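One structure is given here, and the rest of the page talks about it.
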Amino acid sequence: MNISILNGRLIDPANGIDDILNLHIQGQQILAIGTAPDGFEAQEAIDASGCIVCPGLVDISASLRDPGPGRIDLASETAATARGGITTLVCTPDTQPVIDTPAVIELIHRTARKLRRSRVLTAAALTRSLDGEQLADMAALQAAGAVALSNAGRPLANTLVERRALEYATTFGLTVILRPEDHHLHAGGCAHEGAVATRLGLPGIPSCAETVAVARDLALAEHTGARVHFHALSTAGATSQLRDAQKAKLPVSADVAAHQLHLTEMDIEDFNADCHISPPLRTLADREALRQAVADGTIAAICSDHQPHELDAKEAPFPETAPGISGLETLLALTLRLVDEGVLSLTEAIARVTCGPADLLGLPHGRLDTGSPADVCIFEPEAPWTLYRSTLRSEGRNTPFDGWEFEGQVTHTLFNGRVVYRRNAQAPK
Amino acid sequence: MRPIVRAVTIRAMANERRQNIQLTPDGRLCHFLTIEGLSRELLTHILDIAESFAPLPDRHVKKVPALRGRIITNLFFENSTRTRTTFELAAKRLSADVLNFNVSTSATAKGETLLDTLRNIEAMHSEMFVVRHSQSGAAHFIARHAAPGVSVINAGDGRHAHPTQAMLDMFTIRRHKGDFTPLRVAIVGDILHSRVARSQILALNTLGVTEIRVVGPRTLIPTEARTLGVHVYHNLDECLKNVDVVIILRLQKERMDGALLPSESEYFRLYGLTNERLEAARPDAIVMHPGPMNRGVEMDSEVADGPRSVILQQVSYGIALRMAIMSLCMQTHAEERGEA
């Protein structure tokens, strides 16, 4: 099917485009930007007047729980990506079974291909069963399609295992995604060790649990020459460590979860379990430093850090609840809010959720090149809307943004040249 | 670098106006979960009601009919014979019927079970839950899920709060000292893990004491302790200078395992209260302990049994104070139903 997206403001940060331009799609690919070639006939014309047309979003870290028990699966979560304007995402290996064999990767890819709503890529397990001790079959996982390796936030047994894992991964040029957290300093905490946790009597996770780990990981990255990507930074200290390492030309990068750029430790007040996340929400000063790092490009990607949970997981006293936020459907809205708040320009904001994350993993997505798959997100920047928990398409309704008002709503998502989401259309069953 | 404009995040009304769930919209007590957010007037009112119940043990008829026919459930997820007994006694003095549930924590590792437990007991028409749980926030969680007209009393949740203990301590202080405002209070020991200390600090600040001091090694003082409104000391002798009230906290044996302390003997040498050390305090200073006490660890026996110790009074005041809390919360619900 041929589609023309007309009269929209087309922003493609990767190609430095920001203009009112038409976009023409032939079959699964982008045919032309601007004037349609002679003889091109579109079966559908989408009027994008007043809207922004940008590359489909790339989410560098989402936990999809499939394979796994429960109602959360690729069907529900890719419906959420479509609503969120996300067309490519990297799922974390903390599935059941863990993504530590080619068979699991193939299963995920096959299911996602059938659903045809977004491109689901996999970060495979760094260690077998994520046990932190034995290396996974990295070469086989890469051959099956894994785009990176990660231990999904589970600790590695010791620094020697970490060194070996980085070295072995580097043999195959694989990027290793690390969640920097010192397991011992974490000490079973559930909130930032600061004023709020002190008052609420919640076991704290100190900032140094992150900075100690970043220092260790940077030293090992330097020693092994590994390509290391830090996932979900939360502290001011880590942003300056990373900035210094990048200045010293180490091949290290980082992402931050969209919610970390908006919420702080104050939001866990009244034991709000929807704000129980890992790494924890930290201070206003940390949030400002993270915003600064996103603005200056030290942190080149904003991710959803999607952690969908079924209802029961948050129905318990705060420390016993499962950490995480269902983030796919708020990634764009929270990123655009940074434009309103003067942190990023619109082009920068779009870059942080498209080509930024794609480039970090060497993926050819998050851009509107002619001849590439037609993954497009169209959103109305000035459209105010309110997020309601009950309307989430994800089976994980755990969001602290219930009742928040946002500006910027996705009107269409196109994946591989096919419209997979239309605002006001019925949710697919 | 680009300057970042600090913008105030606009939030929806629901997030904006966080209401104190333990108060009705017009400010009456319906749950008792924490001292935080309660006014000096309300705390004083609680102490006054407790005062009216205090003479009961000396009377011929030791019960009042305030809660006759009501069912109060002790829901204890953590062992505690003493606290549970005083709650039970308080409920019985108010003529209520008491159910005791000791739920082993292992059986309720899942929140679902906790809610199921709650629903089951509600179905028995219990109108009040006295809850003790090892996790901070457990009482809030149960209060949020309790049916309308059911009160939740926090009998200790994790490290968060133990508000009835703190109030009986306030009652003890008022009985012995009268006015709160001129007082200097020292709290000694494991502040980090102590729900009692957190609630005491909130209560003492609300009641307007001159100064609260906490003392202990760095490993047992929360990093942000100052934000609680206390002065932090690490030397006991300095901390005790001219104080009117000394509160000693219990030291859990397991603190030695977590590399928080080297040994009990070193702890006693540095922070154990002896008669010599007590010299630094005001001559009329009182010594309190929420119990159960480790003699020779936190405190020397001669202090515990000495003339300044009010430890046993604390225990007996506990009953009157808990009667006050229970009757206040029940009264609020009765008024809501239009019965009073």
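Going through the structure tokens in order, the chains are called A, B, and so on, while each chain numbers its residues from 1 and the ligands are numbered from 1 in the order shown.
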
Q) Could you name the residues that touch stretch 237-248 of chain B at 10 Å or less, counting only C-alpha atoms, but leaving out those on the same chain fewer than 4 positions away, as an NGL selection string? A) :B and (169 or 173 or 176-177 or 182-190 or 197 or 200 or 211-216 or 231-233 or 270-273 or 276-291 or 293 or 298-299 or 308-309 or 311)

Q: Name the residues of stretch 213-373 of chain A that fall into helix (DSSP H, G or I) according to DSSP on the backbone, using the chain letters and numbers of this document, as a PyMOL selection string.
A: chain A and resi 213-224+236-247+258-261+265-271+273-275+284-295+311-314+318-320+328-340+346-352+355-360

Would you write out those residues with C-alpha atoms, as a CSV table (one decimal), in the first residue's frame?
```csv
chain,number,residue,atom,x,y,z
A,213,ALA,CA,29.6,0.7,40.2
A,214,VAL,CA,30.2,3.3,37.4
A,215,ALA,CA,33.8,3.8,38.6
A,216,ARG,CA,34.4,0.1,38.6
A,217,ASP,CA,32.7,-0.5,35.2
A,218,LEU,CA,34.6,2.4,33.6
A,219,ALA,CA,37.9,1.0,34.9
A,220,LEU,CA,37.0,-2.3,33.4
A,221,ALA,CA,35.8,-0.8,30.2
A,222,GLU,CA,39.1,1.0,29.8
A,223,HIS,CA,41.1,-2.1,30.6
A,224,THR,CA,39.1,-4.4,28.2
A,236,ALA,CA,24.4,13.5,39.4
A,237,GLY,CA,27.7,11.8,40.3
A,238,ALA,CA,27.3,9.2,37.5
A,239,THR,CA,26.7,11.9,34.9
A,240,SER,CA,30.0,13.7,35.7
A,241,GLN,CA,31.9,10.4,35.7
A,242,LEU,CA,30.4,9.6,32.3
A,243,ARG,CA,31.2,13.0,31.0
A,244,ASP,CA,34.8,12.7,32.1
A,245,ALA,CA,35.1,9.2,30.5
A,246,GLN,CA,33.7,10.5,27.2
A,247,LYS,CA,36.2,13.3,27.3
A,258,ALA,CA,12.0,9.3,30.9
A,259,HIS,CA,10.4,9.3,34.4
A,260,GLN,CA,13.8,10.0,36.1
A,261,LEU,CA,13.8,13.4,34.3
A,265,GLU,CA,12.2,11.2,45.8
A,266,MET,CA,9.4,13.5,46.9
A,267,ASP,CA,7.0,11.5,44.8
A,268,ILE,CA,7.3,8.4,47.0
A,269,GLU,CA,5.5,10.4,49.7
A,270,ASP,CA,2.6,8.5,51.3
A,271,PHE,CA,4.3,5.2,50.2
A,273,ALA,CA,4.2,2.3,45.2
A,274,ASP,CA,3.8,3.5,41.6
A,275,CYS,CA,6.9,5.5,42.3
A,284,LEU,CA,16.0,17.4,42.7
A,285,ALA,CA,19.7,18.1,42.2
A,286,ASP,CA,20.2,14.6,40.6
A,287,ARG,CA,17.2,15.3,38.3
A,288,GLU,CA,18.7,18.6,37.2
A,289,ALA,CA,22.1,16.9,36.5
A,290,LEU,CA,20.4,14.2,34.5
A,291,ARG,CA,18.5,16.9,32.5
A,292,GLN,CA,21.8,18.7,32.0
A,293,ALA,CA,23.5,15.5,30.7
A,294,VAL,CA,20.6,14.9,28.3
A,295,ALA,CA,20.8,18.5,27.1
A,311,LEU,CA,-2.0,-5.4,39.6
A,312,ASP,CA,-0.9,-7.6,42.5
A,313,ALA,CA,2.7,-6.6,42.1
A,314,LYS,CA,2.0,-3.1,43.4
A,318,PHE,CA,5.9,-0.3,49.6
A,319,PRO,CA,9.1,-2.3,50.2
A,320,GLU,CA,7.4,-5.5,49.1
A,328,LEU,CA,5.9,2.8,26.7
A,329,GLU,CA,2.9,5.0,26.4
A,330,THR,CA,4.5,8.0,28.2
A,331,LEU,CA,7.9,8.0,26.6
A,332,LEU,CA,7.1,10.6,24.0
A,333,ALA,CA,4.9,12.7,26.2
A,334,LEU,CA,7.5,12.9,28.9
A,335,THR,CA,10.3,13.7,26.4
A,336,LEU,CA,8.2,16.4,24.8
A,337,ARG,CA,7.6,17.9,28.2
A,338,LEU,CA,11.3,18.6,28.4
A,339,VAL,CA,10.8,20.9,25.5
A,340,ASP,CA,8.1,22.8,27.3
A,346,LEU,CA,12.2,20.0,19.8
A,347,THR,CA,14.8,18.5,17.4
A,348,GLU,CA,17.0,17.5,20.3
A,349,ALA,CA,14.1,15.9,22.1
A,350,ILE,CA,13.2,13.9,19.1
A,351,ALA,CA,16.8,12.9,18.5
A,352,ARG,CA,17.0,11.5,22.1
A,355,CYS,CA,18.5,8.4,16.2
A,356,GLY,CA,20.2,8.9,19.6
A,357,PRO,CA,19.4,5.4,20.9
A,358,ALA,CA,19.6,3.8,17.5
A,359,ASP,CA,23.2,5.1,16.9
A,360,LEU,CA,24.3,3.9,20.3
```

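With distances taken over only C-alpha atoms, B:Ala161 is the one residue among B:Leu56, B:Val131, B:Ala161, B:Met170 lying closest to chain A.
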
Q: Identify all chain A residues at most 7 Å from chain B by counting only C-alpha atoms; ligands do not count. Present them as a ChimeraX atom specification.
A: /A:194-195,198-202,271,292,296,312,315-319,341-343,403-405

Q: Point out the residue among A:Leu281, A:Ala248, A:Ala165, A:Met138 with the least atom-to-atom distance to A:His262, counting only C-alpha atoms.
A: A:Leu281

**Q.** Contacts of stretch 93-101 of chain A at 10 Å (only C-alpha atoms; same-chain gap of 3+ positions) as a ChimeraX atom specification
**A.** /A:62-69,90,104-108,122-130,135-138,140-141,144,146,149-154

Include C-alpha atoms and write out the residues we just selected as a compact mmCIF listing (two decimals), in the first residue's frame.
```txt
# COMPACT_ATOMS: atom_id res chain seq x y z
CA ALA A 62 11.84 -2.37 27.67
CA SER A 63 10.97 -5.47 29.62
CA LEU A 64 8.20 -7.31 27.77
CA ARG A 65 7.72 -10.39 30.01
CA ASP A 66 7.30 -12.63 26.95
CA PRO A 67 8.03 -15.52 27.09
CA GLY A 68 6.73 -15.66 30.62
CA PRO A 69 3.63 -16.33 32.69
CA VAL A 90 15.13 -3.54 22.49
CA VAL A 104 14.18 -17.75 22.82
CA ILE A 105 15.37 -15.00 20.49
CA GLU A 106 13.79 -16.74 17.55
CA LEU A 107 10.54 -17.21 19.45
CA ILE A 108 10.37 -13.50 20.27
CA THR A 122 16.66 -8.39 21.79
CA ALA A 123 19.40 -7.69 24.28
CA ALA A 124 20.51 -11.19 25.18
CA ALA A 125 21.73 -12.37 28.55
CA LEU A 126 25.33 -11.58 29.43
CA THR A 127 25.49 -14.58 31.73
CA ARG A 128 23.60 -17.85 31.57
CA SER A 129 20.20 -17.59 33.32
CA LEU A 130 21.41 -14.10 34.33
CA LEU A 135 29.05 -16.54 30.43
CA ALA A 136 26.19 -16.95 27.98
CA ASP A 137 26.81 -18.30 24.47
CA MET A 138 27.35 -14.82 23.14
CA ALA A 140 25.36 -17.92 19.10
CA LEU A 141 23.07 -15.25 20.53
CA ALA A 144 20.43 -15.35 16.24
CA ALA A 146 20.83 -10.21 19.59
CA LEU A 149 24.13 -8.08 25.86
CA SER A 150 22.79 -7.24 29.26
CA ASN A 151 22.37 -8.81 32.66
CA ALA A 152 19.06 -7.02 33.10
CA GLY A 153 20.08 -5.35 36.33
CA ARG A 154 21.04 -8.61 38.04
```

Q: Extract, using only C-alpha atoms, all DNA, RNA and protein residues at most 8 Å from A:Asn398, discarding same-chain residues fewer than 5 positions from it, and format them as an MDAnalysis selection string.
A: chainID A and resid 274 308:311 314 324:326 389

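Every protein, DNA or RNA residue with an atom at most 8 Å from stretch 325-339 of chain B, where only C-alpha atoms count and chain neighbours fewer than 3 positions away do not, is listed here: B:Arg28, B:Leu29, B:Cys30, B:His31, B:Phe32, B:Ile46, B:Ala66, B:Leu67, B:Ala91, B:Leu94, B:Met128, B:Gly149, B:Val150, B:Ser151, B:Ile153, B:Thr164, B:Leu321, B:Arg322.
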
Take the residues from that selection and put them in a file with C-alpha atoms, as a PDB file, in the first residue's frame.
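As a result, again14.pdb now contains:
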```pdb
ATOM      1  CA  ARG B  28     -10.886  14.308  63.049  1.00  0.00           C
ATOM      2  CA  LEU B  29      -8.822  11.197  63.613  1.00  0.00           C
ATOM      3  CA  CYS B  30     -10.106   8.100  61.779  1.00  0.00           C
ATOM      4  CA  HIS B  31      -6.874   6.087  61.568  1.00  0.00           C
ATOM      5  CA  PHE B  32      -3.736   6.423  63.660  1.00  0.00           C
ATOM      6  CA  ILE B  46      -5.125  12.625  72.847  1.00  0.00           C
ATOM      7  CA  ALA B  66     -17.339   3.113  75.473  1.00  0.00           C
ATOM      8  CA  LEU B  67     -16.855   0.401  72.855  1.00  0.00           C
ATOM      9  CA  ALA B  91      -9.595  -2.741  74.142  1.00  0.00           C
ATOM     10  CA  LEU B  94     -13.164  -0.134  76.703  1.00  0.00           C
ATOM     11  CA  MET B 128     -10.729  -1.713  64.020  1.00  0.00           C
ATOM     12  CA  GLY B 149     -15.878   2.864  58.744  1.00  0.00           C
ATOM     13  CA  VAL B 150     -12.935   0.632  59.662  1.00  0.00           C
ATOM     14  CA  SER B 151     -10.062   2.197  61.604  1.00  0.00           C
ATOM     15  CA  ILE B 153      -4.065   1.720  64.285  1.00  0.00           C
ATOM     16  CA  THR B 164       1.127   4.860  70.043  1.00  0.00           C
ATOM     17  CA  LEU B 321      -2.967   6.066  75.950  1.00  0.00           C
ATOM     18  CA  ARG B 322      -4.086   3.241  73.683  1.00  0.00           C
TER      19      ARG B 322
END
```

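Comparing B:Glu51, B:Asp26, B:Glu78, B:Glu41 by their smallest distance to B:Ala320, the closest is B:Glu51 (using only C-alpha atoms).
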
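Residue-level DSSP output for stretch 119-368 of chain A, from the backbone, shows strand (DSSP E) at A:Arg119, A:Val120, A:Leu121, A:Thr122, A:Ala123, A:Ala124, A:Ala125, A:Ala148, A:Leu149, A:Ser150, A:Val176, A:Ile177, A:Leu178, A:Ala191, A:His192, A:Gly204, A:Ile205, A:Val228, A:His229, A:Phe230, A:Val252, A:Ser253, A:Ala254, A:Asp255, A:Val256, A:Ala257, A:Ala301, A:Ile302, A:Cys303.
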
Q: Fewer than 2 positions away in the same chain doesn't count, so skip those; otherwise give me all residues within 6 Å of B:Arg132, counting only C-alpha atoms, as a list in words.
A: Phe76, Phe77, Ala155, Gly156 and Asp157 of chain B

Q: Would you list the contacts of A:Ile3 as an MDAnalysis selection string, taking every protein, DNA or RNA residue within 8 Å and counting only C-alpha atoms, but skipping same-chain residues closer than 3 positions in sequence?
A: chainID A and resid 24:26 42:46 417

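Our summary of the geometry notes that atom CA of A:Pro373 is positioned 23.0 Å from atom CA of A:Ser49.
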
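Using only C-alpha atoms, the shortest contact distance between A:Ala209 and any of A:His276, A:His192, A:Arg163, A:Lys114 is found at A:His192.
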
Q. Could you state the separation of atom CA of A:Thr321 and atom CA of A:Asn272 in Å, given to one decimal place?
A. 10.2 Å
